[in-house]
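The next block holds one structure in the form of structure tokens; read it before the comments.
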Amino acid sequence: MSASAPAGTDSSAPHGHPEEGFFRKYLWSTDHKIIAMQYLLTGMAMALIGGFTVYAFRMQVAFPGESVPGFGQVTPGAYNALVTSHGTVMIFWVAMPVLIAAFGNYLIPLMIGCDDMVFPRLNRLSYQIFLLSAVVFIATFFVDGGAFGGAWTAYPPLSTKPEYSLTPLGAPLWLIAVALEFVAFLIGGINFVTTVMNSRAPGMKMFDVPIVVWMIIAASILFMASIGPLIAGAMMMLMDQLAGTHFYDPTQGGDPVLWQHLFWFFGHPEVYVVLFPALGIVAEVITVFARKKLFAYKTVLYTAIGTCVLSFFVWAHHQFVAGIDPRMANVFSVTTLLISVPIAEMLFVFIATLYGGSIRLATPMLWALAFLVEFLLGGVTGIFLGASAADIYFHDTYFVVAHFHYTFFPIAFIAVFAGLTYWFPKMFGRMMNETLGKIHFWGTVIPFNFIFIPLFITGASGDHRRIYNYNHFPDLARPELQDLRVLATVALVVLLAFQLVFLVNFFWSMRKGRKAEANPWKANTLEWAAASPPPHGNFAELPTVYRGPYEYSVPDRPDDYWPQHMPG
Amino acid sequence: MLTRYVEAASSYAQDIDGLITLITVLVGFWFLVAQAVLFGLIFRFRAKQGVKAQYISGEEKSQKRWVTIPHMLVLVCDVFIIVGAVRVWTDVKQTLPPADHTVRIVSQQWAWTFIQPGPDGKLDTEDDIKTIDELHVKEGATYHFQLLSRDVLHSFSVPAFRLKQDAVPGRLITGWFKPTRPGAYDIQCAEICGIGHGIMAARLFVETPEEHQKWMEKLSPVARAPTPQAEAEQENTPPAEGASAGAGAE
């Protein structure tokens, strides 16, 4: 992966950073931009694994028992392992590294106008632990008994006892991989927060920090505050698996539901951990391509803080029917529905930002707008699941699957594509191809809806999750339901095929794309004050900040943008 | 509305369906309005030669109205939904109406065992009726269920009843249902429980009182029922031992 060297790296080395050899420059670098690229490319490679697993198991659902081209026969055990791996990979090794680590690492120093993270070697360590976690995870496929198949939520006792899960090595290795990944992001999060607190450019006040940086900081704090209980829980689970303890073993006085509380106490804030950076990216792209000041900047910040706080009080909505005291469901139903208010407000703010704009539908803007369109459906369908009594029916059905994919896919892919196509000129000093970009856009967004709208319907019809062949259930074996499953699978294959367009565009443009100037989108934020691509050390001269990041179309100025670092 | 996709066969199915319809109407309205406004703005404010965008900070009260009023309205809708959800939830999960019958449901990797009282109306007696992967119940009677698991988590799910409850090893979870419509319906395990999760299916038969009576007579269970001691063992022992207890005849 690291062979794909960014173009234009032969630019002259700035002061204090002498030219380095290939190894030190790309594999052992402390440059935040190189570490960001490492996270990005690792995340993209893991996305291929996540995409392949979903291809294999969706083919089995659509055409049960048939050999899947490129995979072979999907046995029930393999099916569970594929489902588990898909969820784990997409959340822990795609969404997290790309949204938080890649964009966070790349954007924070550039957007606050400093030369690097405050702890560059800690930063390098963070990536190395992350890479190790990915290797450990991939190893689970090759150990005796195969990869863990107890779902990404890993509920005990299934996950703790090999006689139940039949994966004596896969389960503990899976847990170790996930725990290592947490360590990597803890280190990264500390670095992000410290950097933004201490290294902002002279003149940059708290309310001059771009929203995407704020959002990554909010996400990092949220992650660090919620991960502790889960790390403790994971250690207890590991000891149950390997050392014979009984924290979750009901036959010895343990409690399996304890894990669910620890897991979801992290698991629900985690949704916002990945959502926030995505919203931040969308905010940047929308303001630039609508040439508009962000509507109510402070409101966005306050709603983000409100969401962070509330998100610690909603976790048990994953457990309404899990055997908790039924009275608790009422409390968590209230908090869950309340959290719709700040999130709705944030979306309203983004929509309001478009009013009076001068909207250019370039590829990054298409992605950002598609995020709003698709995420809205993910948001409103969450209400069905947050309302306790309705969740009795929808819990663990494909309705849930469709709902969270309408949130996660916009987050982990649509917003990421918005960010990548937007910052690509900065990252590699070249423009991406617009035509290929638009083909990829439509080839992704249209099939995406054809995957998950049918799954809302099968879910409402009673399809429960993680079932490899619905023919065992007479009420679900109806041909009209099977047609919907086939439709979703076909749409998935189409969507996956169109990702090739992106890969071609990405790697071709990196070397052969049209040369980009320093500020091709005429944006205000500080990263565009650096060269494209920025050299190690970022700025020829560290910038001073004179104004907020969203001063677009200011009256009585000839230009419709006013960069933060321009005096006057 | 949900009955378009799945039959409704229990007393509280229509309450849950009603709640789902309420939510659909409220959030559907918001969804359509938001999408209409979003697309409207995109078309209305496409870049035009020589037309500069407006400068709106959104920080003034008169401007902020445009988001604060909708967000107050979202809150109002939330209140309606919460009230509906809590009311239905209280009926379905928090209260136990007096039972006509009790059924014990034992889940294990990967089968359901249903134990119902025989003619004497009591569980844990010699005439208990025990069925595997088949549950026969009487239309119009209120049932309590006692849900158990012998090994891992399972979830007793009957879509036609709008009923779902996880089974947790080491706990006995009680709930209720009242079948209202004769027919045969799927019982699923809705919580992943190992490689056999996908075949952990059972069938629910809601019978008229006469049919149900005939079924009970036909089963003539005394010879096949487990003894009370064996039954007690099943609950408290680890799965391996408990699994064979059902075979013990008099």
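Identifiers in this document derive from the order of the structure tokens: chains are assigned A, B, ..., residues are numbered from 1 separately in each chain, and ligands are numbered from 1 in order of occurrence.
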### Query
Got a sec to pull out which chain A residues are within 6 Å of chain B, counting only C-alpha atoms, and send them as a PyMOL selection string?
chain A and resi 76-77+157-158+165+250+295-296+321-322+326+330+345+348+351+356-360+380+387-390+392-393+461-462+464+467-468+553-554
Please produce a file of the residues just selected, as a PDB file, in the first residue's frame, where the atoms kept are C-alpha atoms.
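Wrote result-v4.pdb, looks like this:
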```pdb
ATOM      1  CA  PRO A  76     -23.767 -21.834   8.606  1.00  0.00           C
ATOM      2  CA  GLY A  77     -20.538 -21.425  10.583  1.00  0.00           C
ATOM      3  CA  PRO A 157     -21.986 -16.884  27.023  1.00  0.00           C
ATOM      4  CA  LEU A 158     -21.774 -17.606  23.271  1.00  0.00           C
ATOM      5  CA  SER A 165     -19.177 -20.789  19.766  1.00  0.00           C
ATOM      6  CA  PRO A 250     -24.496 -17.573  34.965  1.00  0.00           C
ATOM      7  CA  PHE A 295     -25.798  28.953   9.536  1.00  0.00           C
ATOM      8  CA  ALA A 296     -25.567  29.397  13.326  1.00  0.00           C
ATOM      9  CA  VAL A 321     -36.122  -6.988  25.329  1.00  0.00           C
ATOM     10  CA  ALA A 322     -32.864  -8.349  26.736  1.00  0.00           C
ATOM     11  CA  PRO A 326     -39.007  -3.428  31.953  1.00  0.00           C
ATOM     12  CA  ASN A 330     -39.400   3.891  29.673  1.00  0.00           C
ATOM     13  CA  GLU A 345     -31.419  20.588  14.683  1.00  0.00           C
ATOM     14  CA  PHE A 348     -31.830  21.720   9.891  1.00  0.00           C
ATOM     15  CA  ILE A 351     -30.211  22.643   5.206  1.00  0.00           C
ATOM     16  CA  GLY A 356     -29.431  32.018  -0.351  1.00  0.00           C
ATOM     17  CA  GLY A 357     -26.351  30.157  -1.511  1.00  0.00           C
ATOM     18  CA  SER A 358     -24.703  29.867  -4.859  1.00  0.00           C
ATOM     19  CA  ILE A 359     -24.610  26.098  -5.105  1.00  0.00           C
ATOM     20  CA  ARG A 360     -22.105  24.354  -7.364  1.00  0.00           C
ATOM     21  CA  VAL A 380     -36.253   9.072  11.230  1.00  0.00           C
ATOM     22  CA  ALA A 387     -39.923   3.863  20.951  1.00  0.00           C
ATOM     23  CA  SER A 388     -39.767   0.901  23.323  1.00  0.00           C
ATOM     24  CA  ALA A 389     -43.053  -0.762  22.404  1.00  0.00           C
ATOM     25  CA  ALA A 390     -42.423  -0.573  18.657  1.00  0.00           C
ATOM     26  CA  ILE A 392     -40.459  -5.151  20.642  1.00  0.00           C
ATOM     27  CA  TYR A 393     -41.388  -5.946  17.080  1.00  0.00           C
ATOM     28  CA  SER A 461     -42.277  -8.599   7.371  1.00  0.00           C
ATOM     29  CA  GLY A 462     -40.424 -10.356  10.160  1.00  0.00           C
ATOM     30  CA  HIS A 464     -34.739 -11.613  11.723  1.00  0.00           C
ATOM     31  CA  ILE A 467     -30.111 -16.083   9.232  1.00  0.00           C
ATOM     32  CA  TYR A 468     -28.347 -17.874   6.412  1.00  0.00           C
ATOM     33  CA  SER A 553     -19.790  36.072   0.119  1.00  0.00           C
ATOM     34  CA  VAL A 554     -19.148  38.889   2.555  1.00  0.00           C
TER      35      VAL A 554
END
```
#### Entry: 8 Å contact set for B:Trp176, only C-alpha atoms, chain neighbours under 5 positions out, as a PyMOL selection string
chain B and resi 92-93+96-97+142-145
Residues from last step as file, N, CA and C atoms, as a PDB file, in the first residue's frame:
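Dumped everything to part.pdb:
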```
ATOM      1  N   VAL B  92     -47.794  -4.304  27.565  1.00  0.00           N
ATOM      2  CA  VAL B  92     -47.241  -5.533  27.003  1.00  0.00           C
ATOM      3  C   VAL B  92     -46.195  -6.141  27.923  1.00  0.00           C
ATOM      4  N   LYS B  93     -45.314  -5.308  28.470  1.00  0.00           N
ATOM      5  CA  LYS B  93     -44.149  -5.850  29.164  1.00  0.00           C
ATOM      6  C   LYS B  93     -44.163  -5.633  30.671  1.00  0.00           C
ATOM      7  N   LEU B  96     -48.874  -7.936  34.122  1.00  0.00           N
ATOM      8  CA  LEU B  96     -49.224  -9.317  33.838  1.00  0.00           C
ATOM      9  C   LEU B  96     -50.709  -9.495  34.121  1.00  0.00           C
ATOM     10  N   PRO B  97     -51.531  -9.563  33.084  1.00  0.00           N
ATOM     11  CA  PRO B  97     -52.952  -9.840  33.341  1.00  0.00           C
ATOM     12  C   PRO B  97     -53.103 -11.259  33.890  1.00  0.00           C
ATOM     13  N   THR B 142     -55.516 -16.257  28.004  1.00  0.00           N
ATOM     14  CA  THR B 142     -54.326 -15.491  28.349  1.00  0.00           C
ATOM     15  C   THR B 142     -53.268 -16.437  28.899  1.00  0.00           C
ATOM     16  N   TYR B 143     -52.103 -16.374  28.308  1.00  0.00           N
ATOM     17  CA  TYR B 143     -51.010 -17.253  28.722  1.00  0.00           C
ATOM     18  C   TYR B 143     -49.917 -16.448  29.415  1.00  0.00           C
ATOM     19  N   HIS B 144     -49.374 -17.024  30.468  1.00  0.00           N
ATOM     20  CA  HIS B 144     -48.099 -16.533  30.976  1.00  0.00           C
ATOM     21  C   HIS B 144     -47.021 -17.461  30.419  1.00  0.00           C
ATOM     22  N   PHE B 145     -45.885 -16.895  30.084  1.00  0.00           N
ATOM     23  CA  PHE B 145     -44.776 -17.793  29.729  1.00  0.00           C
ATOM     24  C   PHE B 145     -43.625 -17.599  30.707  1.00  0.00           C
TER      25      PHE B 145
END
```
### Task
Can you pull out every residue within 8 Å of A:Ala488, counting only C-alpha atoms, but drop anything in the same chain fewer than 2 positions away, and send it as a list of chain:residue names?
A:Phe450, A:Ile451, A:Phe452, A:Pro454, A:Leu455, A:Leu484, A:Arg485, A:Val486, A:Val490, A:Ala491, A:Leu492
Keeping C-alpha atoms for every residue in the selection just given, could you write it to a file as a PDB file, in the first residue's frame?
```
ATOM      1  CA  PHE A 450     -31.972  -0.441  -3.737  1.00  0.00           C
ATOM      2  CA  ILE A 451     -30.153  -2.489  -1.103  1.00  0.00           C
ATOM      3  CA  PHE A 452     -31.720  -1.082   1.985  1.00  0.00           C
ATOM      4  CA  PRO A 454     -36.100  -3.665   0.309  1.00  0.00           C
ATOM      5  CA  LEU A 455     -34.541  -4.626   3.628  1.00  0.00           C
ATOM      6  CA  LEU A 484     -36.669  -8.507  -2.212  1.00  0.00           C
ATOM      7  CA  ARG A 485     -33.634 -10.308  -0.777  1.00  0.00           C
ATOM      8  CA  VAL A 486     -32.381 -11.022  -4.279  1.00  0.00           C
ATOM      9  CA  VAL A 490     -28.025  -7.623  -6.831  1.00  0.00           C
ATOM     10  CA  ALA A 491     -27.931  -3.942  -5.859  1.00  0.00           C
ATOM     11  CA  LEU A 492     -25.067  -4.720  -3.490  1.00  0.00           C
TER      12      LEU A 492
END
```
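Our summary of the geometry notes that atom CA of A:Thr194 is positioned 12.3 Å from atom CA of A:Ile112.
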### Summary
Correct to one decimal, the distance atom CA of A:Phe63-atom CA of A:Tyr164 is 27.6 Å
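Of note, atom CA of A:Ala370 and atom CA of A:Leu385 are spaced 23.5 Å apart.
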Taking the DSSP secondary structure from the backbone, can you list the residues of stretch 56-109 of chain B that are strand (DSSP E or B), as a JSON list (two decimals) with N, CA and C atoms, in the first residue's frame?
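Okay, this is what ended up in states-v4.json:
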```json
[["chain", "number", "residue", "atom", "x", "y", "z"],
["B", 101, "HIS", "N", -53.58, -19.91, 31.53],
["B", 101, "HIS", "CA", -52.65, -21.04, 31.41],
["B", 101, "HIS", "C", -51.23, -20.51, 31.53],
["B", 102, "THR", "N", -50.32, -21.43, 31.85],
["B", 102, "THR", "CA", -48.91, -21.06, 31.90],
["B", 102, "THR", "C", -48.14, -22.04, 31.03],
["B", 103, "VAL", "N", -47.21, -21.51, 30.26],
["B", 103, "VAL", "CA", -46.38, -22.38, 29.45],
["B", 103, "VAL", "C", -44.92, -22.08, 29.79],
["B", 104, "ARG", "N", -44.14, -23.16, 29.92],
["B", 104, "ARG", "CA", -42.72, -22.96, 30.17],
["B", 104, "ARG", "C", -41.97, -23.16, 28.86],
["B", 105, "ILE", "N", -41.13, -22.20, 28.53],
["B", 105, "ILE", "CA", -40.41, -22.26, 27.26],
["B", 105, "ILE", "C", -38.93, -22.41, 27.57],
["B", 106, "VAL", "N", -38.36, -23.52, 27.13],
["B", 106, "VAL", "CA", -36.95, -23.75, 27.40],
["B", 106, "VAL", "C", -36.20, -23.69, 26.08],
["B", 107, "SER", "N", -35.23, -22.77, 25.99],
["B", 107, "SER", "CA", -34.45, -22.65, 24.77],
["B", 107, "SER", "C", -33.08, -23.26, 24.99],
["B", 108, "GLN", "N", -32.54, -23.80, 23.94],
["B", 108, "GLN", "CA", -31.18, -24.35, 24.00],
["B", 108, "GLN", "C", -30.65, -24.36, 22.59]]
```
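Considering only C-alpha atoms, the residue among A:Leu175, A:Ile49, A:Ile231, A:Val400 positioned nearest to A:Arg466 is A:Val400.
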### Message
Report as a ChimeraX atom specification all protein, DNA and RNA residues lying within 9 Å of A:Leu41, evaluated on only C-alpha atoms, omitting residues in the same chain fewer than 3 positions from it.
### Response
/A:1-2,36-38,44-46,98,102
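Within 10 Å of stretch 208-219 of chain B, once only C-alpha atoms are used and residues closer than 5 positions along the same chain are dropped, the contacting residues are B:Gln116, B:Pro117, B:Gly118, B:Pro119, B:Ile129, B:Lys130, B:Thr131, B:His136, B:Val137, B:Lys138, B:Glu139, B:Gly140, B:Ala141, B:Thr180, B:Arg181, B:Pro182, B:Gly183, B:Arg224.
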Restrict the selected residues to C-alpha atoms and save them as a tab-separated table (two decimals), in the first residue's frame.
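Full text of selection20.tsv as output:
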```tsv
chain	number	residue	atom	x	y	z
B	116	GLN	CA	-47.63	-27.00	29.31
B	117	PRO	CA	-49.79	-28.29	32.16
B	118	GLY	CA	-51.91	-31.34	31.36
B	119	PRO	CA	-55.55	-31.77	32.39
B	129	ILE	CA	-47.37	-31.93	28.00
B	130	LYS	CA	-43.99	-31.44	26.48
B	131	THR	CA	-43.46	-30.58	22.85
B	136	HIS	CA	-50.07	-25.33	20.65
B	137	VAL	CA	-52.15	-22.65	22.30
B	138	LYS	CA	-55.81	-21.84	22.64
B	139	GLU	CA	-57.43	-18.87	21.00
B	140	GLY	CA	-58.74	-16.26	23.44
B	141	ALA	CA	-56.90	-17.59	26.52
B	180	THR	CA	-56.63	-13.98	19.10
B	181	ARG	CA	-56.53	-15.56	15.69
B	182	PRO	CA	-56.34	-19.27	14.81
B	183	GLY	CA	-53.60	-20.27	12.44
B	224	ARG	CA	-44.15	-39.31	28.23
```
### Message
Can you tell me, as number ranges by chain, which residues in stretch 131-279 of chain A count as alpha helix (DSSP H) by DSSP?
### Response
A: 131-139, 162-165, 170-198, 211-242, 256-279
Go ahead and dump the residues you just picked, C-alpha atoms, as a compact mmCIF listing (two decimals), in the first residue's frame.
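New file again_31.txt:
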```txt
# COMPACT_ATOMS: atom_id res chain seq x y z
CA LEU A 131 -1.84 -1.97 12.07
CA LEU A 132 -1.04 -4.74 14.53
CA SER A 133 -4.72 -4.92 15.51
CA ALA A 134 -5.69 -5.31 11.85
CA VAL A 135 -3.14 -8.10 11.40
CA VAL A 136 -4.43 -9.89 14.50
CA PHE A 137 -7.96 -9.52 13.22
CA ILE A 138 -7.10 -10.96 9.79
CA ALA A 139 -5.32 -13.84 11.55
CA PRO A 162 -15.73 -22.52 22.90
CA GLU A 163 -18.23 -25.36 23.32
CA TYR A 164 -20.95 -22.87 22.40
CA SER A 165 -19.18 -20.79 19.77
CA GLY A 170 -11.13 -17.12 16.82
CA ALA A 171 -13.07 -15.62 19.75
CA PRO A 172 -10.15 -14.56 21.97
CA LEU A 173 -8.11 -13.36 18.99
CA TRP A 174 -11.05 -11.29 17.82
CA LEU A 175 -11.28 -9.72 21.26
CA ILE A 176 -7.54 -9.02 21.40
CA ALA A 177 -7.70 -7.38 17.97
CA VAL A 178 -10.57 -5.13 19.01
CA ALA A 179 -8.87 -4.24 22.31
CA LEU A 180 -5.66 -3.30 20.49
CA GLU A 181 -7.66 -1.13 18.15
CA PHE A 182 -9.12 0.69 21.17
CA VAL A 183 -5.63 1.34 22.50
CA ALA A 184 -4.59 2.84 19.16
CA PHE A 185 -7.51 5.25 19.19
CA LEU A 186 -7.06 6.21 22.82
CA ILE A 187 -3.53 7.33 22.01
CA GLY A 188 -4.73 9.12 18.88
CA GLY A 189 -7.54 10.86 20.76
CA ILE A 190 -5.24 12.23 23.45
CA ASN A 191 -3.04 13.60 20.70
CA PHE A 192 -5.90 15.29 18.85
CA VAL A 193 -7.34 17.02 21.90
CA THR A 194 -3.95 18.22 23.17
CA THR A 195 -2.98 19.52 19.75
CA VAL A 196 -6.14 21.59 19.28
CA MET A 197 -5.91 22.97 22.81
CA ASN A 198 -2.26 24.00 22.51
CA ILE A 211 -16.48 22.71 12.58
CA VAL A 212 -14.82 19.54 11.30
CA VAL A 213 -11.99 19.99 13.81
CA TRP A 214 -14.45 20.62 16.60
CA MET A 215 -16.37 17.52 15.58
CA ILE A 216 -13.29 15.32 15.57
CA ILE A 217 -12.39 16.66 19.02
CA ALA A 218 -15.91 16.03 20.31
CA ALA A 219 -15.74 12.51 18.88
CA SER A 220 -12.33 11.87 20.46
CA ILE A 221 -13.48 13.02 23.89
CA LEU A 222 -16.64 10.97 23.55
CA PHE A 223 -14.60 7.93 22.57
CA MET A 224 -12.15 8.31 25.42
CA ALA A 225 -14.93 8.81 27.95
CA SER A 226 -16.97 5.81 26.84
CA ILE A 227 -14.28 3.25 26.05
CA GLY A 228 -13.09 2.67 29.62
CA PRO A 229 -15.99 0.45 30.71
CA LEU A 230 -15.71 -1.58 27.52
CA ILE A 231 -11.98 -2.13 27.91
CA ALA A 232 -12.70 -3.36 31.44
CA GLY A 233 -15.48 -5.52 30.06
CA ALA A 234 -13.25 -6.88 27.31
CA MET A 235 -10.56 -7.81 29.86
CA MET A 236 -13.15 -9.67 31.90
CA MET A 237 -14.30 -11.47 28.77
CA LEU A 238 -10.75 -12.36 27.82
CA MET A 239 -10.19 -13.79 31.30
CA ASP A 240 -13.44 -15.74 31.02
CA GLN A 241 -12.18 -17.18 27.75
CA LEU A 242 -8.59 -17.88 28.69
CA PRO A 256 -24.16 -12.30 30.79
CA VAL A 257 -26.27 -9.12 30.69
CA LEU A 258 -23.45 -7.20 32.41
CA TRP A 259 -21.46 -7.40 29.16
CA GLN A 260 -24.37 -5.92 27.23
CA HIS A 261 -24.39 -2.87 29.50
CA LEU A 262 -20.63 -2.38 29.22
CA PHE A 263 -20.69 -2.95 25.48
CA TRP A 264 -23.53 -0.57 24.70
CA PHE A 265 -22.36 2.05 27.16
CA PHE A 266 -19.56 2.38 24.63
CA GLY A 267 -21.48 1.12 21.62
CA HIS A 268 -24.04 3.84 21.42
CA PRO A 269 -21.71 6.81 21.93
CA GLU A 270 -19.60 5.08 19.27
CA VAL A 271 -22.33 5.90 16.76
CA TYR A 272 -21.76 9.58 17.48
CA VAL A 273 -18.00 9.08 17.50
CA VAL A 274 -18.17 8.26 13.80
CA LEU A 275 -21.14 10.51 13.05
CA PHE A 276 -19.53 13.72 14.27
CA PRO A 277 -16.51 13.78 11.93
CA ALA A 278 -18.88 12.95 9.07
CA LEU A 279 -21.11 15.90 9.97
```
Which polymer residues have any atom within 7 Å of an atom of A:Pro533, counting only C-alpha atoms, with same-chain residues fewer than 6 positions away left out, as a CSV table (one decimal) with C-alpha atoms, in the first residue's frame?
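In the end it all went to selection-v4.csv:
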```
chain,number,residue,atom,x,y,z
A,426,LYS,CA,-4.6,19.1,-1.0
A,427,MET,CA,-3.5,15.6,-0.2
A,428,PHE,CA,-1.9,14.8,-3.6
A,429,GLY,CA,-1.5,18.1,-5.4
```
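Residues lying within 12 Å of A:Val401, counting only C-alpha atoms and ignoring same-chain neighbours fewer than 6 positions away, are Val83, Gly87, Gly378, Thr381, Gly382, Leu385, Phe394, His395, Thr407, Phe408, Phe409, Ile451, Phe452, Ile453, Pro454, Leu455, Phe456, Ile457, Thr458, Gly459, Ala460, Asp463, His464, Arg465 and Arg466 of chain A.
You can rank A:Val300, A:Leu361, A:Val309, A:Met566 by their closest distance to A:Leu347 using only C-alpha atoms, and at the top of that list sits A:Val300.
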